[in-house]
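Asker: What follows is a structure written as C-alpha cells; I'll ask about it next.
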Amino acid sequence: RLPELVRPFYTRGVIGRPAAIVVVGVLLVGACNSASDNGLGDTAVPVPSAPGPSAPDPDFTEVTSSSPSTIPRPGPAPDGPLAAVCPERLVVQLDDVPSVEHGALYQLLGDTPAVDDSAQTVSAPIVRADGTVADVTLEIRSGGPVVDFRSPLEVIAVDPSATFAVASTADVVSAAAGEGIEPVSVMSLTDRSHDAVLWDPESYPGVEDLESLVAAGVEIHHAPGERFIEFLAAADGPLVGATLVNSYLGEPAAFVAAGGAIAQQADALTDPFLFENLPQWGRPVALAFAADSGWASYDDTLVVRAGDRADLGDCLERFVPVLQQATVAYLDDPSTVHQLMSFVRAGFNPLTRASIESLDRGVADGTSQGLLGAAEGAIVGALDRERLGDFLVDYTETLGLGAVPLDAVVDESFLADVTM
C-alpha cells in the first residue's frame with residue numbers, strides 16, 4: 001500500500017494491473033510523503049545483512065507458561081534443541097509482504113537478520129523469547145509478484161523447499177475440497193478474521209452494521225472472488241440483497257472519489273490508520289467485521305502439507321511452542337519487529353512501505369478488537385474447534401464445495417500450554 005495499499009493487490013490476486021497501481025500512486029503521492037514517514041527518512045537505519053546473534057546453545061531448555069484449568073489442556077513444550085529434530089532451515093511462504101499478522105514470525109528473527117531485497121526474503125537463526133539462539137535458520141518469503149501472485153498453498157504444493165505456508169482456514173478448506181495439496185493448519189497467528197467492510201459514518205450516520213448498510217442501499221465494492229463477501233451474500237447472510245460491485249483493486253481511489261458515498265471491503269489491521277492519515281480523506285471510517293456476521297475463518301494460520309506432518313512431527317512439537325511464545329513477546333513489545341518490517345518493506349518495493357506508526361496502530365487496534373492475541377487464560381494460537389467446525393459445514397455447503405472433516409485440515413496437537 002501507500003503506505004498500506006499494496007496488501008490487497010497481493011492477497012486478492014488482482015495485482016498485475018499496472019494502471020490501477022498508477023492510479024493509486026497519483027492519488028496518494030501525498031500519503032507517501034506523510035503517512036509513510038517512519039522517522040528514519042529515506043536512508044533508514046539499515047538492518048545488518050548478515051546474522052549476528054550469539055552462538056547457538058544446544059543445551060537450552062524451552063520456556064513455557066501454563067495456567068490451571070478444569071478442562072484438558074496441552075502440556076508443556078518438549079525440552080531440547082530444535083536442531084535435534086528440525087531441518088537446518090525452516091521456510092515460511094507468506095501471502096503478503098511483512099505485516100502485523102506476521103509479527104510473531106518476524107519476532108523469531110532477532111535483531112540482525114539477513115535481508116535479500118531481490119528475492120524478498122528475510123532469514124536468521126531462530127531466536128526464542130528467552131533470548132537463546134537455535135542452530136536452525138528461519139527463512140520468511142514474501143508473497144505477491146515474487147511468486148507470480150500465486151497463493152501460498154499453490155506455492156508449497158510445487159516447491160518442496162517451503163516448509164510452511166501462511167493461509168486462511170477458508171483457503172485451506174477450499175484447497176482440501178479440490179485437487180492438489182492437502183493442507184493442514186497447526187496454529188493460528190491471529191485470533192479472528194480482520195476482514196471487514198468500511199463506510200463513511202458522516203455520509204451514513206444511521207448505519208451501524210452490514211444489515212443497515214444494505215438497507216441504506218449503499219454500493220459495496222469488493223475484489224472479484226472475495227470469499228468472505230461471497231459467503232456473507234449467500235443464503236441468509238447479512239449481504240443478501242446488497243448492491244455488490246466487484247471492482248475493488250485494493251486502493252481507496254474509488255471510495256475517496258465518491259466522497260464516501262460507497263462502501264468497500266477492508267482490512268481492520270491497516271485501513272483505519274490509512275484513511276485517517278490519507279491527505280485526500282483524513283478522517284475516521286466505520287467498520288463492520290465479517291467475524292461478527294458468521295465468518296469464522298482464521299485469516300492467518302501456519303500450514304503444513306499433510307504428507308509432511310508425520311516427518312515433521314517431532315520438529316513441530318518444539319517449533320510451534322516457540323512460535324506461540326514469540327506471539328506473546330511480539331504483542332508485549334513489537335518495536336523491534338516493526339522497525340524490521342518497515343525497513344524490509346521499503347527495500348522490497350517502495351510501494352509497499354509502511355511506517356512504524358502504522359504498524360503500531362495495527363497491533364493496538366488488533367489487540368483491542370480481539371483480532372490479535374488469545375483471551376486471558378486461552379491457549380495462544382489455538383483454533384476454536386466448535387466455532388470452526390460449524391463454520392466449515394456452512395462454508396462448504398454455501399459455496400458448493402465437497403464436505404471437509406475438521407480433523408483433515410486442523411491439527412492442534414503440537415500446541416503447548418502457552419497463554420497471554
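By order in the C-alpha cells, chains are A, B, ...; within a chain, residues start at 1; ligands start at 1, following the order shown.
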Could you pull out the residues in region 209-392 of chain A that DSSP calls strand (DSSP E or B) from the backbone, as a list in words?
Answerer: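 Answer for region 209-392 of chain A restricted to strand (DSSP E or B) is Ile220, His221, Leu244, Val245, Ala263, Gln264, Gln265, Ala266, Asp267, Ala286, Leu287, Ala288, Phe289, Thr301, Leu302, Val303, Val304, Arg305 and Ile379 of chain A.
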Asker: Do a neighbour search on region 211-220 of chain A at 7 Å with only C-alpha atoms, toss out local chain neighbours closer than 5 positions, and write the hits as a ChimeraX atom specification.
Answerer: /A:238-239,242-245,262-264
Asker: Please list as an MDAnalysis selection string every residue within 6 Å of region 146-162 of chain A, counting only C-alpha atoms and excluding residues in the same chain fewer than 2 positions away.
Answerer: chainID A and resid 13 91 93 95 143:144 164:165 181
Asker: Write the residues of the preceding selection, restricted to all heavy atoms, as a compact mmCIF listing (two decimals), in the first residue's frame.
Answerer:
```txt
# COMPACT_ATOMS: atom_id res chain seq x y z
N GLY A 13 -5.05 -11.28 -5.34
CA GLY A 13 -4.72 -11.81 -6.66
C GLY A 13 -5.06 -10.86 -7.79
O GLY A 13 -5.25 -11.29 -8.93
N VAL A 91 11.36 -22.88 6.18
CA VAL A 91 10.97 -21.83 5.24
C VAL A 91 9.47 -21.59 5.33
O VAL A 91 8.68 -22.54 5.24
CB VAL A 91 11.36 -22.21 3.80
CG1 VAL A 91 10.87 -21.15 2.81
CG2 VAL A 91 12.86 -22.40 3.69
N GLN A 93 6.33 -19.53 3.61
CA GLN A 93 5.84 -18.75 2.47
C GLN A 93 4.63 -17.93 2.91
O GLN A 93 3.61 -18.48 3.30
CB GLN A 93 5.45 -19.68 1.32
CG GLN A 93 4.84 -18.94 0.12
CD GLN A 93 5.82 -17.98 -0.52
OE1 GLN A 93 6.90 -18.39 -0.94
NE2 GLN A 93 5.46 -16.71 -0.62
N ASP A 95 1.59 -14.88 2.41
CA ASP A 95 0.61 -14.47 1.43
C ASP A 95 0.80 -13.00 1.04
O ASP A 95 0.03 -12.46 0.26
CB ASP A 95 -0.81 -14.65 1.99
CG ASP A 95 -1.02 -13.90 3.29
OD1 ASP A 95 -0.01 -13.53 3.94
OD2 ASP A 95 -2.18 -13.67 3.69
N GLY A 143 5.07 -12.90 -0.35
CA GLY A 143 4.23 -13.31 -1.46
C GLY A 143 4.15 -12.22 -2.50
O GLY A 143 4.97 -11.31 -2.56
N GLY A 144 3.12 -12.29 -3.36
CA GLY A 144 2.94 -11.27 -4.38
C GLY A 144 3.71 -11.54 -5.65
O GLY A 144 3.81 -12.68 -6.12
N PHE A 164 6.43 -24.31 5.33
CA PHE A 164 5.13 -23.84 5.79
C PHE A 164 4.56 -22.81 4.82
O PHE A 164 5.29 -22.18 4.07
CB PHE A 164 5.24 -23.15 7.16
CG PHE A 164 5.86 -23.98 8.24
CD1 PHE A 164 7.15 -23.70 8.69
CD2 PHE A 164 5.16 -25.02 8.84
CE1 PHE A 164 7.74 -24.43 9.71
CE2 PHE A 164 5.74 -25.77 9.86
CZ PHE A 164 7.03 -25.48 10.29
N ALA A 165 3.24 -22.65 4.91
CA ALA A 165 2.56 -21.52 4.27
C ALA A 165 1.74 -20.82 5.34
O ALA A 165 1.38 -21.43 6.35
CB ALA A 165 1.65 -22.00 3.15
N ILE A 181 -2.85 -30.07 -3.30
CA ILE A 181 -2.29 -30.13 -1.96
C ILE A 181 -3.35 -30.46 -0.90
O ILE A 181 -4.51 -30.06 -1.03
CB ILE A 181 -1.60 -28.79 -1.60
CG1 ILE A 181 -0.87 -28.91 -0.26
CG2 ILE A 181 -2.59 -27.65 -1.57
CD1 ILE A 181 -0.05 -27.70 0.08
```
Asker: Using only C-alpha atoms, find the one residue out of A:Val409, A:Val322, A:Cys315, A:Leu274 that sits nearest to Glu182 (chain A).
Answerer: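 Looking only at the distances to Glu182 (chain A), the closest residue turns out to be A:Val409.
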Asker: Go through region 149-291 of chain A and collect every residue that DSSP, computed from the backbone, puts in alpha helix (DSSP H); the answer should be as a PyMOL selection string.
Answerer: chain A and resi 152-158+169-177+210-215+227-232+253-257+271-276
Asker: Can you write just those residues out, N, CA, C and O atoms, as a short mmCIF file (atom, residue, chain, number, x, y, z; two decimals), in the first residue's frame?
Answerer:
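The result, stored in selection-v4.cif:
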```cif
data_model
loop_
_atom_site.label_atom_id
_atom_site.label_comp_id
_atom_site.auth_asym_id
_atom_site.auth_seq_id
_atom_site.Cartn_x
_atom_site.Cartn_y
_atom_site.Cartn_z
N PRO A 152 -0.06 -18.88 -1.23
CA PRO A 152 0.96 -19.67 -0.54
C PRO A 152 0.73 -21.17 -0.64
O PRO A 152 1.68 -21.95 -0.71
N LEU A 153 -0.54 -21.59 -0.68
CA LEU A 153 -0.83 -23.01 -0.80
C LEU A 153 -0.43 -23.55 -2.16
O LEU A 153 0.06 -24.68 -2.28
N GLU A 154 -0.61 -22.75 -3.19
CA GLU A 154 -0.17 -23.16 -4.52
C GLU A 154 1.35 -23.27 -4.56
O GLU A 154 1.90 -24.17 -5.21
N VAL A 155 2.02 -22.36 -3.86
CA VAL A 155 3.48 -22.36 -3.87
C VAL A 155 4.03 -23.62 -3.21
O VAL A 155 4.88 -24.32 -3.77
N ILE A 156 3.55 -23.93 -1.99
CA ILE A 156 4.12 -25.08 -1.30
C ILE A 156 3.69 -26.40 -1.93
O ILE A 156 4.30 -27.44 -1.66
N ALA A 157 2.65 -26.35 -2.77
CA ALA A 157 2.23 -27.57 -3.46
C ALA A 157 3.27 -28.02 -4.47
O ALA A 157 3.37 -29.21 -4.79
N VAL A 158 4.06 -27.06 -4.98
CA VAL A 158 5.03 -27.40 -6.03
C VAL A 158 6.46 -27.09 -5.62
O VAL A 158 7.39 -27.40 -6.38
N THR A 169 -8.06 -20.45 6.97
CA THR A 169 -8.74 -21.74 7.00
C THR A 169 -9.72 -21.87 5.84
O THR A 169 -9.96 -22.98 5.35
N ALA A 170 -10.28 -20.75 5.37
CA ALA A 170 -11.17 -20.82 4.21
C ALA A 170 -10.39 -21.30 2.99
O ALA A 170 -10.87 -22.15 2.22
N ASP A 171 -9.17 -20.79 2.79
CA ASP A 171 -8.35 -21.24 1.67
C ASP A 171 -7.92 -22.69 1.84
O ASP A 171 -7.85 -23.46 0.88
N VAL A 172 -7.59 -23.06 3.08
CA VAL A 172 -7.19 -24.44 3.36
C VAL A 172 -8.32 -25.40 3.02
O VAL A 172 -8.11 -26.44 2.38
N VAL A 173 -9.52 -25.07 3.46
CA VAL A 173 -10.68 -25.93 3.18
C VAL A 173 -10.97 -25.99 1.69
O VAL A 173 -11.25 -27.06 1.14
N SER A 174 -10.90 -24.85 1.02
CA SER A 174 -11.15 -24.82 -0.42
C SER A 174 -10.13 -25.68 -1.16
O SER A 174 -10.47 -26.40 -2.10
N ALA A 175 -8.86 -25.62 -0.73
CA ALA A 175 -7.83 -26.44 -1.36
C ALA A 175 -8.05 -27.92 -1.07
O ALA A 175 -7.89 -28.77 -1.95
N ALA A 176 -8.45 -28.23 0.17
CA ALA A 176 -8.68 -29.63 0.53
C ALA A 176 -9.89 -30.21 -0.19
O ALA A 176 -9.94 -31.41 -0.46
N ALA A 177 -10.85 -29.34 -0.50
CA ALA A 177 -12.05 -29.81 -1.19
C ALA A 177 -11.81 -30.00 -2.68
O ALA A 177 -12.60 -30.66 -3.36
N LEU A 210 -23.70 -4.40 8.88
CA LEU A 210 -23.87 -4.78 7.49
C LEU A 210 -25.34 -4.74 7.06
O LEU A 210 -25.67 -4.31 5.95
N GLU A 211 -26.22 -5.18 7.94
CA GLU A 211 -27.65 -5.19 7.59
C GLU A 211 -28.16 -3.78 7.31
O GLU A 211 -28.88 -3.55 6.33
N SER A 212 -27.79 -2.83 8.16
CA SER A 212 -28.27 -1.46 7.94
C SER A 212 -27.55 -0.81 6.77
O SER A 212 -28.11 0.07 6.10
N LEU A 213 -26.35 -1.25 6.47
CA LEU A 213 -25.65 -0.76 5.28
C LEU A 213 -26.38 -1.20 4.03
O LEU A 213 -26.58 -0.41 3.09
N VAL A 214 -26.81 -2.46 4.01
CA VAL A 214 -27.57 -2.97 2.87
C VAL A 214 -28.92 -2.27 2.77
O VAL A 214 -29.36 -1.88 1.67
N ALA A 215 -29.57 -2.08 3.91
CA ALA A 215 -30.87 -1.42 3.91
C ALA A 215 -30.79 0.01 3.40
O ALA A 215 -31.76 0.52 2.81
N ARG A 227 -13.81 -14.29 -0.90
CA ARG A 227 -14.57 -15.39 -0.28
C ARG A 227 -15.50 -14.91 0.83
O ARG A 227 -16.63 -15.40 0.96
N PHE A 228 -15.06 -13.99 1.66
CA PHE A 228 -15.94 -13.61 2.77
C PHE A 228 -17.16 -12.85 2.25
O PHE A 228 -18.25 -12.95 2.82
N ILE A 229 -16.99 -12.10 1.16
CA ILE A 229 -18.13 -11.41 0.57
C ILE A 229 -19.11 -12.43 -0.03
O ILE A 229 -20.33 -12.35 0.18
N GLU A 230 -18.58 -13.40 -0.77
CA GLU A 230 -19.44 -14.43 -1.36
C GLU A 230 -20.22 -15.17 -0.28
O GLU A 230 -21.41 -15.45 -0.44
N PHE A 231 -19.54 -15.49 0.81
CA PHE A 231 -20.19 -16.24 1.89
C PHE A 231 -21.29 -15.41 2.55
O PHE A 231 -22.41 -15.90 2.77
N LEU A 232 -21.01 -14.16 2.87
CA LEU A 232 -21.99 -13.32 3.57
C LEU A 232 -23.13 -12.88 2.66
O LEU A 232 -24.18 -12.46 3.16
N ALA A 253 -9.01 4.78 -4.06
CA ALA A 253 -9.32 5.82 -5.04
C ALA A 253 -10.81 5.98 -5.27
O ALA A 253 -11.34 7.10 -5.26
N ALA A 254 -11.53 4.87 -5.51
CA ALA A 254 -12.96 4.95 -5.81
C ALA A 254 -13.73 5.49 -4.60
O ALA A 254 -14.64 6.31 -4.75
N PHE A 255 -13.35 5.04 -3.41
CA PHE A 255 -14.02 5.49 -2.18
C PHE A 255 -13.82 6.99 -1.99
O PHE A 255 -14.78 7.73 -1.72
N VAL A 256 -12.60 7.46 -2.16
CA VAL A 256 -12.31 8.88 -1.99
C VAL A 256 -12.99 9.70 -3.07
O VAL A 256 -13.59 10.75 -2.79
N ALA A 257 -12.93 9.23 -4.31
CA ALA A 257 -13.55 9.96 -5.42
C ALA A 257 -15.05 10.08 -5.24
O ALA A 257 -15.66 11.09 -5.63
N ASP A 271 -6.50 -0.47 7.41
CA ASP A 271 -7.29 0.60 6.79
C ASP A 271 -7.67 1.76 7.72
O ASP A 271 -7.70 2.91 7.26
N PRO A 272 -7.99 1.55 9.00
CA PRO A 272 -8.30 2.71 9.84
C PRO A 272 -7.18 3.74 9.86
O PRO A 272 -7.43 4.95 9.70
N PHE A 273 -5.93 3.29 10.04
CA PHE A 273 -4.80 4.22 10.04
C PHE A 273 -4.64 4.87 8.67
O PHE A 273 -4.40 6.08 8.56
N LEU A 274 -4.77 4.08 7.62
CA LEU A 274 -4.58 4.58 6.26
C LEU A 274 -5.52 5.75 5.98
O LEU A 274 -5.08 6.82 5.55
N PHE A 275 -6.81 5.56 6.22
CA PHE A 275 -7.77 6.60 5.87
C PHE A 275 -7.63 7.83 6.75
O PHE A 275 -7.76 8.96 6.28
N GLU A 276 -7.34 7.63 8.02
CA GLU A 276 -7.19 8.78 8.91
C GLU A 276 -5.99 9.62 8.54
O GLU A 276 -5.95 10.83 8.83
#
```
Asker: For a test of reading the model, state the distance in Å between CA of Val404 (chain A) and CA of Gly389 (chain A), rounded to one decimal.
Answerer: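 According to the coordinates, CA of Val404 (chain A) and CA of Gly389 (chain A) are separated by 9.7 Å.
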Asker: For each of A:Arg385, A:Pro183, A:Leu287, A:Arg192, take the minimum atom-to-atom distance to Asp308 (chain A), counting only C-alpha atoms, then give the residue where this is smallest.
Answerer: A:Pro183
Asker: Restricting the calculation to only C-alpha atoms, which member of A:Leu278, A:Ile126, A:Ala374, A:Ala234 is positioned closest to Gly400 (chain A)?
Answerer: A:Ala234
Asker: What does the distance between CA of Ser99 (chain A) and CA of Pro145 (chain A) come to in Å, to one decimal place?
Answerer: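 Pair CA of Ser99 (chain A) / CA of Pro145 (chain A) returns 16.2 Å.
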Asker: From the options A:Ala306, A:Ala83, A:Ala296, A:Ala266, which residue's atoms come nearest to Ser168 (chain A), counting only C-alpha atoms?
Answerer: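 With only C-alpha atoms as the atom set, the closest residue is A:Ala296.
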Asker: Could you tell me which of A:Glu376, A:Ser413, A:Leu302, A:Leu316 comes closest to Met187 (chain A) if we count only C-alpha atoms?
Answerer: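 Of A:Glu376, A:Ser413, A:Leu302, A:Leu316, the one nearest Met187 (chain A) is A:Leu302, counting only C-alpha atoms.
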Asker: For CA of Gly377 (chain A) and CA of Phe414 (chain A), determine how far apart the two atoms are, in Å to one decimal place.
Answerer: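 Answer for the CA of Gly377 (chain A) to CA of Phe414 (chain A) separation: 18.0 Å.
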